[in-house]
Amino acid sequence: MTPSQPVSDLFSTVVSNGCCIGCGSCAAFDPAIQIKLDAYGRYAATRQSATTPIHPSAARVCPFADGVANEDTLAQEVFGDADAYDPHIGRHVATYAGWVAESDFRARGSSGGLASWVLTELLDRGLVDSVVHVTAEPSPEAGKPLFRFAISSTSEQVRARSKSRYYPVEMSGVMREMIQRPGRYAVVGIPCFIKALRLACRESAVLKERLAFTVGIVCGHLKSSAFAESFAWQCGIAPAELRMIDFRTKLPDRPASSYAITASGERDGQSISVTKPTSELFGSNWGHGLFKYKACEFCDDVVGETADISIGDAWLPEYVNDAGGTNVVVVRSQTLKTLIAEAASAGRLHLDEIPAAKVVQSQAGGFRHRRDGLAYRLFLEDQAGRWRPAKRVAPLSRHLTPKLQRIYSARYDLVQSSHESFACAKERQDLNFFLDTMRPLAARYDMFYQRPLPLRLLGKIKRKLLALVRGRR
Ligand SMILES: Cc1cc2nc3c(=O)[nH]c(=O)nc-3n(C[C@H](O)[C@H](O)[C@H](O)COP(=O)(O)OP(=O)(O)OC[C@H]3O[C@@H](n4cnc5c(N)ncnc54)[C@H](O)[C@@H]3O)c2cc1C
Ligand code: SF4
Ligand code: SF4
C-alpha cells in the first residue's frame, strides 16, 4: 500500500451525495474510516473530521467512486474467456433455472437453495477453506443490528446461515480478516459488494490470491433496517423489541412469490414469534421501493456481473407457482460450470438450461428501473448540476413518455418519504404515524398504474356480460 495522503473525493462525492451503500470496502483499507448506521438505519462511511486524511486505496475500492473500473472492465479482467455476453447479465458460460434436489437445501433456502449448495460444495471439495456470508446475530442487543457478515468454515455452518437478508450489512471486518488470515475464501455478496471486492483485489495482491470464488446475489435494491422494523411492528413487535426476522418464510400451496416473514422478539415481557404473509404487510411491494438506499437509484448491475456465479429467484410464469422456490443462475466460472453440470447429471440438482433472455425476463422490473429509470434519474441529476456516479447507462429523458417520467419521479419521492416518516414514527412510538402518512402516498403512486375510468368501466361491463353468458350455458 502507498502511504496515507488526503483524498477528499470519496466523501465530497459518493458519501455527501448519499450514494454510499455502506459496503465497508474503503474502511478495510483505511482505519480512519468507520462504517456506521445513519439516522434512517442505513450503513454509511464516516470519518472523524472533514480534514482527516484518507488512504488513496480507500477511494479506489469504492464501487461508486469516480474513476474506478466499471463492471464490464472488471468482468473482462476475470472472465475474459467467457465468450457469451448479454448487455443485461454480462459475460457468462451457462444460464439455468432450477433448485437443489438433494438434502434440505431447498427447504432451508430463500429460493431454490442453490447459493448454500454452491458454498458447501466448494468447501466439501476443498476448493475453499472458508465462506464469507451473512448471518443472524445470535443474541442482538436492543436497537443493534440483527445481521452481520461472518466467516464459516464448515458446511453445517454454511447451511445454518442460509436465507436472504434484506438488511444493512457491511464487510470491512471480514475483508480485513481475509487480508490478515491466510486461506482461500468464497464470498457471497450483492452486486455492488462483489464489485467492491474486485476493485479491492486490484489494490491488494494478497486479497486477490485469497478470493477464490464470488457468489453474486441478484439484487432489486437494499433496504434500511426500517424494512425489518416496520414489518415486525405490524406484527405487534416494536422496533426495540425485535430480535430476529426471517424475510423469506415459504408458504406451502402458494406461489413462491407469496411468501411470509417471521418476526421474533418481545411483547409485554413475553417472547413471541409471528409469521405473516407479506401481502398483509404495508411496505412489501418492492416496486414501491420503501426504505431503499439512495445508492440503489444509481446502480446498473442487477445480477452481479463481476461474480463467478450469480443466483436469484426465477420470477417466471413457468416456475413461480412452485411454492418450493426456484433459482435463476448465471455461471461465469468454468470450474463452477463443470461442478454444476456434474451434480445435475447425478440428479443432485434439478436444472433446466434457459437462454440469457429468460434470466433477463425473470428480473424485468429490476432492469426497467435500472435501465430506462436510471437514464432518467441521471438526466435529472445532470440537469440539477449535482454529482452522481459514472454509469454505463447514458442520461436521457426523451425515451420516456411524460407519464413514465412522472412515475419515476413519484417513486423516488415515495422512497425518500418512507425514511423520514418511519424515523418520525419511531420517535413518536406510533406505528400509525408511518402507516397514515405513507398509505395515501403509495395509493397516489398506484393510481399511475390504473387504467382510465372509462376503460375500467368497460372492463367491468365485459366481465359481467361474460358471467351472464356463462351462467346461461
Ligand atoms: C438485498 C437483496 C435483494 C435481493 N433482490 C432480489 C431481486 O430483486 N431478484 C431476485 O431474483 N433475487 C433477489 N435477491 C436474492 C434472493 O432473495 C435469494 O437470496 C437468492 O435467490 C438466493 O436464494 P437461495 O435459496 O439460493 O439462497 P440460500 O441458500 O438461502 O442462501 C443465501 C446465501 O446468501 C447469504 N446472504 C443473505 N443475505 C445476504 C446479503 N445481504 N449479503 C451477502 N450475503 C447474503 C446467506 O448468508 C446465504 O449464504 C435479493 C437478495 C438480497 C439479499
Ligand atoms: S467503499 Fe463502500 S462504504 Fe466506502 S464510501 Fe464507497 S460505498 Fe461507501
Ligand atoms: S441495487 Fe445495486 S447498489 Fe443497491 S444494493 Fe443492489 S447491487 Fe448494491
# chains A, B, ... in the order shown; residues from 1 in each chain; ligands from 1

call {"tool": "residues_near_ligand", "arguments": {"ligand": "ligand 3", "cutoff": "8 Å", "atoms": "only C-alpha atoms and all ligand atoms", "output": "PyMOL selection string"}}
result
chain A and resi 21+190-193+218-223+292-304

call {"tool": "write_last_selection", "arguments": {"atoms": "N, CA and C atoms", "output": "PDB file, in the first residue's frame"}}
result
ATOM      1  N   ILE A  21     -23.207   2.938  -0.229  1.00  0.00           N
ATOM      2  CA  ILE A  21     -24.049   1.785   0.093  1.00  0.00           C
ATOM      3  C   ILE A  21     -23.604   1.163   1.424  1.00  0.00           C
ATOM      4  N   ILE A 190     -24.127  -9.005  -2.635  1.00  0.00           N
ATOM      5  CA  ILE A 190     -24.955  -8.365  -3.657  1.00  0.00           C
ATOM      6  C   ILE A 190     -24.006  -7.686  -4.657  1.00  0.00           C
ATOM      7  N   PRO A 191     -24.479  -7.367  -5.861  1.00  0.00           N
ATOM      8  CA  PRO A 191     -23.576  -6.943  -6.946  1.00  0.00           C
ATOM      9  C   PRO A 191     -22.575  -5.841  -6.595  1.00  0.00           C
ATOM     10  N   CYS A 192     -23.008  -4.786  -5.914  1.00  0.00           N
ATOM     11  CA  CYS A 192     -22.072  -3.682  -5.638  1.00  0.00           C
ATOM     12  C   CYS A 192     -20.977  -4.123  -4.658  1.00  0.00           C
ATOM     13  N   PHE A 193     -21.294  -5.060  -3.764  1.00  0.00           N
ATOM     14  CA  PHE A 193     -20.284  -5.573  -2.823  1.00  0.00           C
ATOM     15  C   PHE A 193     -19.242  -6.397  -3.576  1.00  0.00           C
ATOM     16  N   VAL A 218     -28.491 -11.818  -6.914  1.00  0.00           N
ATOM     17  CA  VAL A 218     -29.263 -10.876  -7.734  1.00  0.00           C
ATOM     18  C   VAL A 218     -29.932  -9.865  -6.809  1.00  0.00           C
ATOM     19  N   CYS A 219     -29.942  -8.604  -7.215  1.00  0.00           N
ATOM     20  CA  CYS A 219     -30.389  -7.585  -6.253  1.00  0.00           C
ATOM     21  C   CYS A 219     -31.359  -6.570  -6.854  1.00  0.00           C
ATOM     22  N   GLY A 220     -32.544  -6.487  -6.236  1.00  0.00           N
ATOM     23  CA  GLY A 220     -33.520  -5.451  -6.606  1.00  0.00           C
ATOM     24  C   GLY A 220     -33.106  -4.128  -6.004  1.00  0.00           C
ATOM     25  N   HIS A 221     -32.894  -4.095  -4.735  1.00  0.00           N
ATOM     26  CA  HIS A 221     -32.296  -2.964  -4.019  1.00  0.00           C
ATOM     27  C   HIS A 221     -32.066  -3.363  -2.573  1.00  0.00           C
ATOM     28  N   LEU A 222     -31.286  -2.558  -1.863  1.00  0.00           N
ATOM     29  CA  LEU A 222     -31.018  -2.840  -0.456  1.00  0.00           C
ATOM     30  C   LEU A 222     -31.941  -1.987   0.419  1.00  0.00           C
ATOM     31  N   LYS A 223     -32.350  -2.588   1.523  1.00  0.00           N
ATOM     32  CA  LYS A 223     -33.274  -1.913   2.443  1.00  0.00           C
ATOM     33  C   LYS A 223     -32.540  -1.425   3.688  1.00  0.00           C
ATOM     34  N   LYS A 292     -35.460   2.095   0.567  1.00  0.00           N
ATOM     35  CA  LYS A 292     -34.330   1.822  -0.335  1.00  0.00           C
ATOM     36  C   LYS A 292     -33.179   2.807  -0.086  1.00  0.00           C
ATOM     37  N   TYR A 293     -31.949   2.312  -0.193  1.00  0.00           N
ATOM     38  CA  TYR A 293     -30.785   3.211  -0.149  1.00  0.00           C
ATOM     39  C   TYR A 293     -30.807   4.094  -1.400  1.00  0.00           C
ATOM     40  N   LYS A 294     -30.351   5.327  -1.277  1.00  0.00           N
ATOM     41  CA  LYS A 294     -30.308   6.202  -2.452  1.00  0.00           C
ATOM     42  C   LYS A 294     -29.312   5.662  -3.496  1.00  0.00           C
ATOM     43  N   ALA A 295     -28.231   5.026  -3.024  1.00  0.00           N
ATOM     44  CA  ALA A 295     -27.225   4.492  -3.960  1.00  0.00           C
ATOM     45  C   ALA A 295     -27.866   3.561  -4.984  1.00  0.00           C
ATOM     46  N   CYS A 296     -28.905   2.832  -4.556  1.00  0.00           N
ATOM     47  CA  CYS A 296     -29.545   1.858  -5.449  1.00  0.00           C
ATOM     48  C   CYS A 296     -30.238   2.525  -6.631  1.00  0.00           C
ATOM     49  N   GLU A 297     -30.547   3.820  -6.496  1.00  0.00           N
ATOM     50  CA  GLU A 297     -31.147   4.545  -7.615  1.00  0.00           C
ATOM     51  C   GLU A 297     -30.097   4.812  -8.696  1.00  0.00           C
ATOM     52  N   PHE A 298     -28.827   4.591  -8.355  1.00  0.00           N
ATOM     53  CA  PHE A 298     -27.739   4.883  -9.303  1.00  0.00           C
ATOM     54  C   PHE A 298     -26.880   3.642  -9.526  1.00  0.00           C
ATOM     55  N   CYS A 299     -27.569   2.509  -9.712  1.00  0.00           N
ATOM     56  CA  CYS A 299     -26.907   1.211  -9.877  1.00  0.00           C
ATOM     57  C   CYS A 299     -27.354   0.630 -11.215  1.00  0.00           C
ATOM     58  N   ASP A 300     -26.420   0.037 -11.957  1.00  0.00           N
ATOM     59  CA  ASP A 300     -26.837  -0.574 -13.232  1.00  0.00           C
ATOM     60  C   ASP A 300     -26.476  -2.061 -13.322  1.00  0.00           C
ATOM     61  N   ASP A 301     -26.110  -2.661 -12.190  1.00  0.00           N
ATOM     62  CA  ASP A 301     -25.772  -4.092 -12.192  1.00  0.00           C
ATOM     63  C   ASP A 301     -26.821  -4.847 -11.381  1.00  0.00           C
ATOM     64  N   VAL A 302     -27.722  -5.514 -12.079  1.00  0.00           N
ATOM     65  CA  VAL A 302     -28.823  -6.210 -11.391  1.00  0.00           C
ATOM     66  C   VAL A 302     -28.390  -7.596 -10.899  1.00  0.00           C
ATOM     67  N   VAL A 303     -27.604  -8.302 -11.709  1.00  0.00           N
ATOM     68  CA  VAL A 303     -27.325  -9.707 -11.375  1.00  0.00           C
ATOM     69  C   VAL A 303     -25.983  -9.952 -10.686  1.00  0.00           C
ATOM     70  N   GLY A 304     -25.067  -8.967 -10.746  1.00  0.00           N
ATOM     71  CA  GLY A 304     -23.729  -9.195 -10.194  1.00  0.00           C
ATOM     72  C   GLY A 304     -22.811  -9.685 -11.302  1.00  0.00           C
TER      73      GLY A 304
END

call {"tool": "residues_near_ligand", "arguments": {"ligand": "ligand 1", "cutoff": "6 Å", "atoms": "only C-alpha atoms and all ligand atoms", "output": "ChimeraX atom specification"}}
result
/A:109-116,133-135,161-166,188-190,217-222,311-313,327

call {"tool": "closest_residue", "arguments": {"among": "A:Arg267, A:Arg198, A:Arg108, A:Lys144", "to": "ligand 2", "atoms": "only C-alpha atoms and all ligand atoms"}}
result
A:Arg198

call {"tool": "residues_around", "arguments": {"residues": "Tyr96 of chain A", "least_positions_apart": "5", "cutoff": "12 Å", "atoms": "only C-alpha atoms", "output": "PyMOL selection string"}}
result
chain A and resi 112+114+309-314+326-332+337+340-341+344+349-360+362

call {"tool": "write_last_selection", "arguments": {"atoms": "C-alpha atoms", "output": "short mmCIF file (atom, residue, chain, number, x, y, z; two decimals), in the first residue's frame"}}
result
data_model
loop_
_atom_site.label_atom_id
_atom_site.label_comp_id
_atom_site.auth_asym_id
_atom_site.auth_seq_id
_atom_site.Cartn_x
_atom_site.Cartn_y
_atom_site.Cartn_z
CA GLY A 112 -34.08 -22.98 -4.63
CA LEU A 114 -28.51 -23.08 -4.86
CA ILE A 309 -21.83 -17.18 -10.31
CA SER A 310 -25.00 -15.12 -9.89
CA ILE A 311 -28.03 -16.57 -8.15
CA GLY A 312 -31.54 -15.14 -7.87
CA ASP A 313 -35.20 -16.05 -7.98
CA ALA A 314 -36.81 -17.41 -11.14
CA THR A 326 -36.68 -21.85 -7.98
CA ASN A 327 -33.37 -20.11 -8.68
CA VAL A 328 -32.11 -18.40 -11.81
CA VAL A 329 -28.39 -18.97 -12.21
CA VAL A 330 -25.74 -17.25 -14.34
CA VAL A 331 -22.39 -19.03 -14.36
CA ARG A 332 -19.18 -17.25 -15.39
CA LYS A 337 -19.89 -24.79 -14.70
CA ILE A 340 -22.83 -27.80 -11.51
CA ALA A 341 -23.15 -29.88 -14.69
CA ALA A 344 -27.14 -32.00 -12.38
CA LEU A 349 -29.58 -30.62 -8.78
CA HIS A 350 -32.75 -30.16 -10.82
CA LEU A 351 -31.72 -27.71 -13.54
CA ASP A 352 -33.16 -26.52 -16.85
CA GLU A 353 -30.86 -24.74 -19.27
CA ILE A 354 -32.53 -21.46 -20.16
CA PRO A 355 -31.49 -18.68 -22.57
CA ALA A 356 -29.98 -15.48 -21.16
CA ALA A 357 -33.15 -13.67 -22.25
CA LYS A 358 -35.13 -15.73 -19.74
CA VAL A 359 -32.85 -14.63 -16.91
CA VAL A 360 -33.44 -11.04 -18.00
CA SER A 362 -37.10 -13.01 -14.56
#

call {"tool": "select_by_dssp", "arguments": {"residues": "segment 236-449 of chain A", "states": "helix (DSSP H, G or I)", "output": "ChimeraX atom specification"}}
result
/A:239-241,278-280,294-298,334-345,356-362,364-369,372-384,402-428,431-447

call {"tool": "residues_around", "arguments": {"residues": "segment 389-406 of chain A", "least_positions_apart": "3", "cutoff": "9 Å", "atoms": "only C-alpha atoms", "output": "PDB file with N, CA and C atoms, in the first residue's frame"}}
result
ATOM      1  N   THR A  13     -17.987  13.447  -2.790  1.00  0.00           N
ATOM      2  CA  THR A  13     -18.811  12.981  -3.919  1.00  0.00           C
ATOM      3  C   THR A  13     -19.768  11.884  -3.447  1.00  0.00           C
ATOM      4  N   VAL A  14     -19.235  10.662  -3.304  1.00  0.00           N
ATOM      5  CA  VAL A  14     -20.077   9.488  -3.007  1.00  0.00           C
ATOM      6  C   VAL A  14     -20.876   9.676  -1.708  1.00  0.00           C
ATOM      7  N   CYS A  19     -24.710   8.479  -2.006  1.00  0.00           N
ATOM      8  CA  CYS A  19     -24.518   7.294  -2.862  1.00  0.00           C
ATOM      9  C   CYS A  19     -23.620   6.245  -2.232  1.00  0.00           C
ATOM     10  N   PHE A  64     -18.761   3.121  -6.151  1.00  0.00           N
ATOM     11  CA  PHE A  64     -19.435   4.298  -6.717  1.00  0.00           C
ATOM     12  C   PHE A  64     -18.479   5.462  -6.977  1.00  0.00           C
ATOM     13  N   ALA A  65     -17.184   5.277  -6.671  1.00  0.00           N
ATOM     14  CA  ALA A  65     -16.250   6.409  -6.762  1.00  0.00           C
ATOM     15  C   ALA A  65     -15.927   6.776  -8.217  1.00  0.00           C
ATOM     16  N   ASP A  66     -15.591   8.029  -8.396  1.00  0.00           N
ATOM     17  CA  ASP A  66     -15.146   8.499  -9.708  1.00  0.00           C
ATOM     18  C   ASP A  66     -13.877   7.761 -10.117  1.00  0.00           C
ATOM     19  N   GLY A  67     -13.805   7.422 -11.388  1.00  0.00           N
ATOM     20  CA  GLY A  67     -12.552   6.909 -11.938  1.00  0.00           C
ATOM     21  C   GLY A  67     -12.300   5.430 -11.736  1.00  0.00           C
ATOM     22  N   ASN A  70     -15.458   0.026 -14.434  1.00  0.00           N
ATOM     23  CA  ASN A  70     -16.861  -0.402 -14.355  1.00  0.00           C
ATOM     24  C   ASN A  70     -16.966  -1.932 -14.438  1.00  0.00           C
ATOM     25  N   GLU A  71     -18.194  -2.438 -14.360  1.00  0.00           N
ATOM     26  CA  GLU A  71     -18.436  -3.887 -14.298  1.00  0.00           C
ATOM     27  C   GLU A  71     -17.920  -4.576 -15.562  1.00  0.00           C
ATOM     28  N   ASP A  72     -18.074  -3.939 -16.723  1.00  0.00           N
ATOM     29  CA  ASP A  72     -17.613  -4.561 -17.982  1.00  0.00           C
ATOM     30  C   ASP A  72     -16.106  -4.793 -17.939  1.00  0.00           C
ATOM     31  N   PHE A 298     -28.827   4.591  -8.355  1.00  0.00           N
ATOM     32  CA  PHE A 298     -27.739   4.883  -9.303  1.00  0.00           C
ATOM     33  C   PHE A 298     -26.880   3.642  -9.526  1.00  0.00           C
ATOM     34  N   CYS A 299     -27.569   2.509  -9.712  1.00  0.00           N
ATOM     35  CA  CYS A 299     -26.907   1.211  -9.877  1.00  0.00           C
ATOM     36  C   CYS A 299     -27.354   0.630 -11.215  1.00  0.00           C
ATOM     37  N   ASP A 300     -26.420   0.037 -11.957  1.00  0.00           N
ATOM     38  CA  ASP A 300     -26.837  -0.574 -13.232  1.00  0.00           C
ATOM     39  C   ASP A 300     -26.476  -2.061 -13.322  1.00  0.00           C
ATOM     40  N   ARG A 370     -33.457   0.040 -13.709  1.00  0.00           N
ATOM     41  CA  ARG A 370     -32.022   0.350 -13.772  1.00  0.00           C
ATOM     42  C   ARG A 370     -31.481   0.470 -15.198  1.00  0.00           C
ATOM     43  N   ARG A 371     -32.401   0.605 -16.137  1.00  0.00           N
ATOM     44  CA  ARG A 371     -32.016   0.989 -17.492  1.00  0.00           C
ATOM     45  C   ARG A 371     -32.799   2.268 -17.831  1.00  0.00           C
ATOM     46  N   ASP A 372     -34.093   2.118 -18.139  1.00  0.00           N
ATOM     47  CA  ASP A 372     -34.908   3.291 -18.504  1.00  0.00           C
ATOM     48  C   ASP A 372     -34.984   4.295 -17.347  1.00  0.00           C
ATOM     49  N   GLY A 373     -35.271   3.767 -16.150  1.00  0.00           N
ATOM     50  CA  GLY A 373     -35.415   4.653 -14.984  1.00  0.00           C
ATOM     51  C   GLY A 373     -34.097   5.317 -14.622  1.00  0.00           C
ATOM     52  N   LEU A 374     -33.027   4.552 -14.671  1.00  0.00           N
ATOM     53  CA  LEU A 374     -31.705   5.103 -14.317  1.00  0.00           C
ATOM     54  C   LEU A 374     -31.311   6.228 -15.290  1.00  0.00           C
ATOM     55  N   ALA A 375     -31.555   5.999 -16.592  1.00  0.00           N
ATOM     56  CA  ALA A 375     -31.215   7.030 -17.591  1.00  0.00           C
ATOM     57  C   ALA A 375     -31.904   8.342 -17.225  1.00  0.00           C
ATOM     58  N   TYR A 376     -33.161   8.235 -16.806  1.00  0.00           N
ATOM     59  CA  TYR A 376     -33.916   9.444 -16.470  1.00  0.00           C
ATOM     60  C   TYR A 376     -33.398  10.084 -15.181  1.00  0.00           C
ATOM     61  N   ARG A 377     -33.070   9.264 -14.186  1.00  0.00           N
ATOM     62  CA  ARG A 377     -32.556   9.830 -12.933  1.00  0.00           C
ATOM     63  C   ARG A 377     -31.193  10.509 -13.168  1.00  0.00           C
ATOM     64  N   LEU A 378     -30.384   9.917 -14.031  1.00  0.00           N
ATOM     65  CA  LEU A 378     -29.084  10.535 -14.346  1.00  0.00           C
ATOM     66  C   LEU A 378     -29.315  11.876 -15.048  1.00  0.00           C
ATOM     67  N   PHE A 379     -30.293  11.882 -15.958  1.00  0.00           N
ATOM     68  CA  PHE A 379     -30.631  13.121 -16.669  1.00  0.00           C
ATOM     69  C   PHE A 379     -31.029  14.212 -15.669  1.00  0.00           C
ATOM     70  N   LEU A 380     -31.882  13.839 -14.699  1.00  0.00           N
ATOM     71  CA  LEU A 380     -32.353  14.822 -13.704  1.00  0.00           C
ATOM     72  C   LEU A 380     -31.195  15.341 -12.848  1.00  0.00           C
ATOM     73  N   GLU A 381     -30.293  14.441 -12.446  1.00  0.00           N
ATOM     74  CA  GLU A 381     -29.153  14.869 -11.620  1.00  0.00           C
ATOM     75  C   GLU A 381     -28.269  15.829 -12.414  1.00  0.00           C
ATOM     76  N   ASP A 382     -28.049  15.516 -13.684  1.00  0.00           N
ATOM     77  CA  ASP A 382     -27.213  16.377 -14.519  1.00  0.00           C
ATOM     78  C   ASP A 382     -27.872  17.745 -14.718  1.00  0.00           C
ATOM     79  N   SER A 409     -40.369   9.800 -11.047  1.00  0.00           N
ATOM     80  CA  SER A 409     -40.153  10.865 -10.049  1.00  0.00           C
ATOM     81  C   SER A 409     -40.960  10.575  -8.785  1.00  0.00           C
ATOM     82  N   ALA A 410     -42.208  10.108  -8.979  1.00  0.00           N
ATOM     83  CA  ALA A 410     -43.070   9.836  -7.818  1.00  0.00           C
ATOM     84  C   ALA A 410     -42.487   8.700  -6.976  1.00  0.00           C
ATOM     85  N   ARG A 411     -41.930   7.698  -7.649  1.00  0.00           N
ATOM     86  CA  ARG A 411     -41.351   6.562  -6.913  1.00  0.00           C
ATOM     87  C   ARG A 411     -40.167   7.037  -6.068  1.00  0.00           C
ATOM     88  N   PHE A 448     -51.137   5.755 -10.863  1.00  0.00           N
ATOM     89  CA  PHE A 448     -50.492   5.870 -12.180  1.00  0.00           C
ATOM     90  C   PHE A 448     -50.724   4.605 -13.006  1.00  0.00           C
TER      91      PHE A 448
END

call {"tool": "residues_around", "arguments": {"residues": "segment 226-230 of chain A", "least_positions_apart": "5", "cutoff": "9 Å", "atoms": "only C-alpha atoms", "output": "list in words"}}
result
Tyr40, Gly41, Arg42, Tyr166, Tyr167, Cys235, Ile237, Ala238, Pro239, Ala240, Leu242, Ile245, Phe247, Ala263, Leu281, Phe282, Gly283, Ser284, Leu290, Phe291, Lys292, His419, Phe422, Ala423, Leu431 and Phe434 of chain A

call {"tool": "residues_near_ligand", "arguments": {"ligand": "ligand 2", "cutoff": "8 Å", "atoms": "only C-alpha atoms and all ligand atoms", "output": "number ranges by chain"}}
result
A: 10-11, 14-15, 19-27, 35, 43-45, 58-59, 61-65, 170, 193, 196

call {"tool": "closest_residue", "arguments": {"among": "A:Asp30, A:Asp86, A:Trp387, A:Gly173", "to": "Asp9 of chain A", "atoms": "only C-alpha atoms"}}
result
A:Trp387

call {"tool": "residues_around", "arguments": {"residues": "Gln180 of chain A", "least_positions_apart": "5", "cutoff": "12 Å", "atoms": "only C-alpha atoms", "output": "PyMOL selection string"}}
result
chain A and resi 28+173-175+204+206-207+210

call {"tool": "atom_distance", "arguments": {"atom1": "atom CA of Ser103 of chain A", "atom2": "atom CA of Lys276 of chain A"}}
result
26.8 Å

call {"tool": "closest_residue", "arguments": {"among": "A:His92, A:Arg456, A:Arg439, A:Arg184", "to": "Glu209 of chain A", "atoms": "only C-alpha atoms"}}
result
A:Arg184

call {"tool": "residues_around", "arguments": {"residues": "Asp124 of chain A", "least_positions_apart": "2", "cutoff": "12 Å", "atoms": "only C-alpha atoms", "output": "list in words"}}
result
Trp117, Val118, Leu119, Thr120, Glu121, Leu122, Gly126, Leu127, Val128, Asp129, Ser130, Val131, Ser153, Thr154, Ser155, Glu156, Val158 and Leu339 of chain A

call {"tool": "atom_distance", "arguments": {"atom1": "atom CA of Ala101 of chain A", "atom2": "atom CA of Arg159 of chain A"}}
result
14.9 Å

call {"tool": "atom_distance", "arguments": {"atom1": "atom CA of His55 of chain A", "atom2": "atom CA of Pro31 of chain A"}}
result
9.0 Å

call {"tool": "closest_residue", "arguments": {"among": "A:Ser333, A:Asn17, A:Ser345, A:Ser257", "to": "Val320 of chain A", "atoms": "only C-alpha atoms"}}
result
A:Ser257

call {"tool": "select_by_dssp", "arguments": {"residues": "segment 232-265 of chain A", "states": "strand (DSSP E or B)", "output": "compact mmCIF listing (two decimals) with N, CA and C atoms, in the first residue's frame"}}
result
# COMPACT_ATOMS: atom_id res chain seq x y z
N LEU A 242 -37.44 -6.12 18.63
CA LEU A 242 -37.22 -7.11 17.56
C LEU A 242 -35.86 -7.77 17.74
N ARG A 243 -35.81 -9.10 17.70
CA ARG A 243 -34.55 -9.82 17.90
C ARG A 243 -34.14 -10.64 16.69
N MET A 244 -35.11 -10.99 15.84
CA MET A 244 -34.79 -11.87 14.71
C MET A 244 -35.89 -11.75 13.67
N ILE A 245 -35.49 -11.81 12.39
CA ILE A 245 -36.52 -11.81 11.34
C ILE A 245 -36.09 -12.73 10.21
N ASP A 246 -37.02 -13.55 9.76
CA ASP A 246 -36.81 -14.37 8.56
C ASP A 246 -37.64 -13.67 7.47
N PHE A 247 -36.94 -13.13 6.47
CA PHE A 247 -37.64 -12.38 5.43
C PHE A 247 -38.32 -13.28 4.41
N ARG A 248 -37.96 -14.57 4.41
CA ARG A 248 -38.49 -15.46 3.38
C ARG A 248 -38.99 -16.77 3.98
N THR A 249 -40.13 -16.72 4.66
CA THR A 249 -40.75 -17.94 5.17
C THR A 249 -41.65 -18.50 4.05
N ALA A 260 -43.99 -15.35 3.33
CA ALA A 260 -44.31 -14.63 4.57
C ALA A 260 -43.02 -14.16 5.22
N ILE A 261 -43.16 -13.38 6.29
CA ILE A 261 -42.00 -13.08 7.14
C ILE A 261 -42.29 -13.67 8.51
N THR A 262 -41.24 -13.99 9.24
CA THR A 262 -41.42 -14.42 10.63
C THR A 262 -40.58 -13.50 11.51
N ALA A 263 -41.26 -12.77 12.37
CA ALA A 263 -40.57 -11.84 13.27
C ALA A 263 -40.59 -12.42 14.69
N SER A 264 -39.45 -12.34 15.37
CA SER A 264 -39.37 -12.84 16.75
C SER A 264 -38.84 -11.74 17.65
N GLY A 265 -39.39 -11.68 18.83
CA GLY A 265 -38.94 -10.65 19.77
C GLY A 265 -39.76 -10.69 21.04
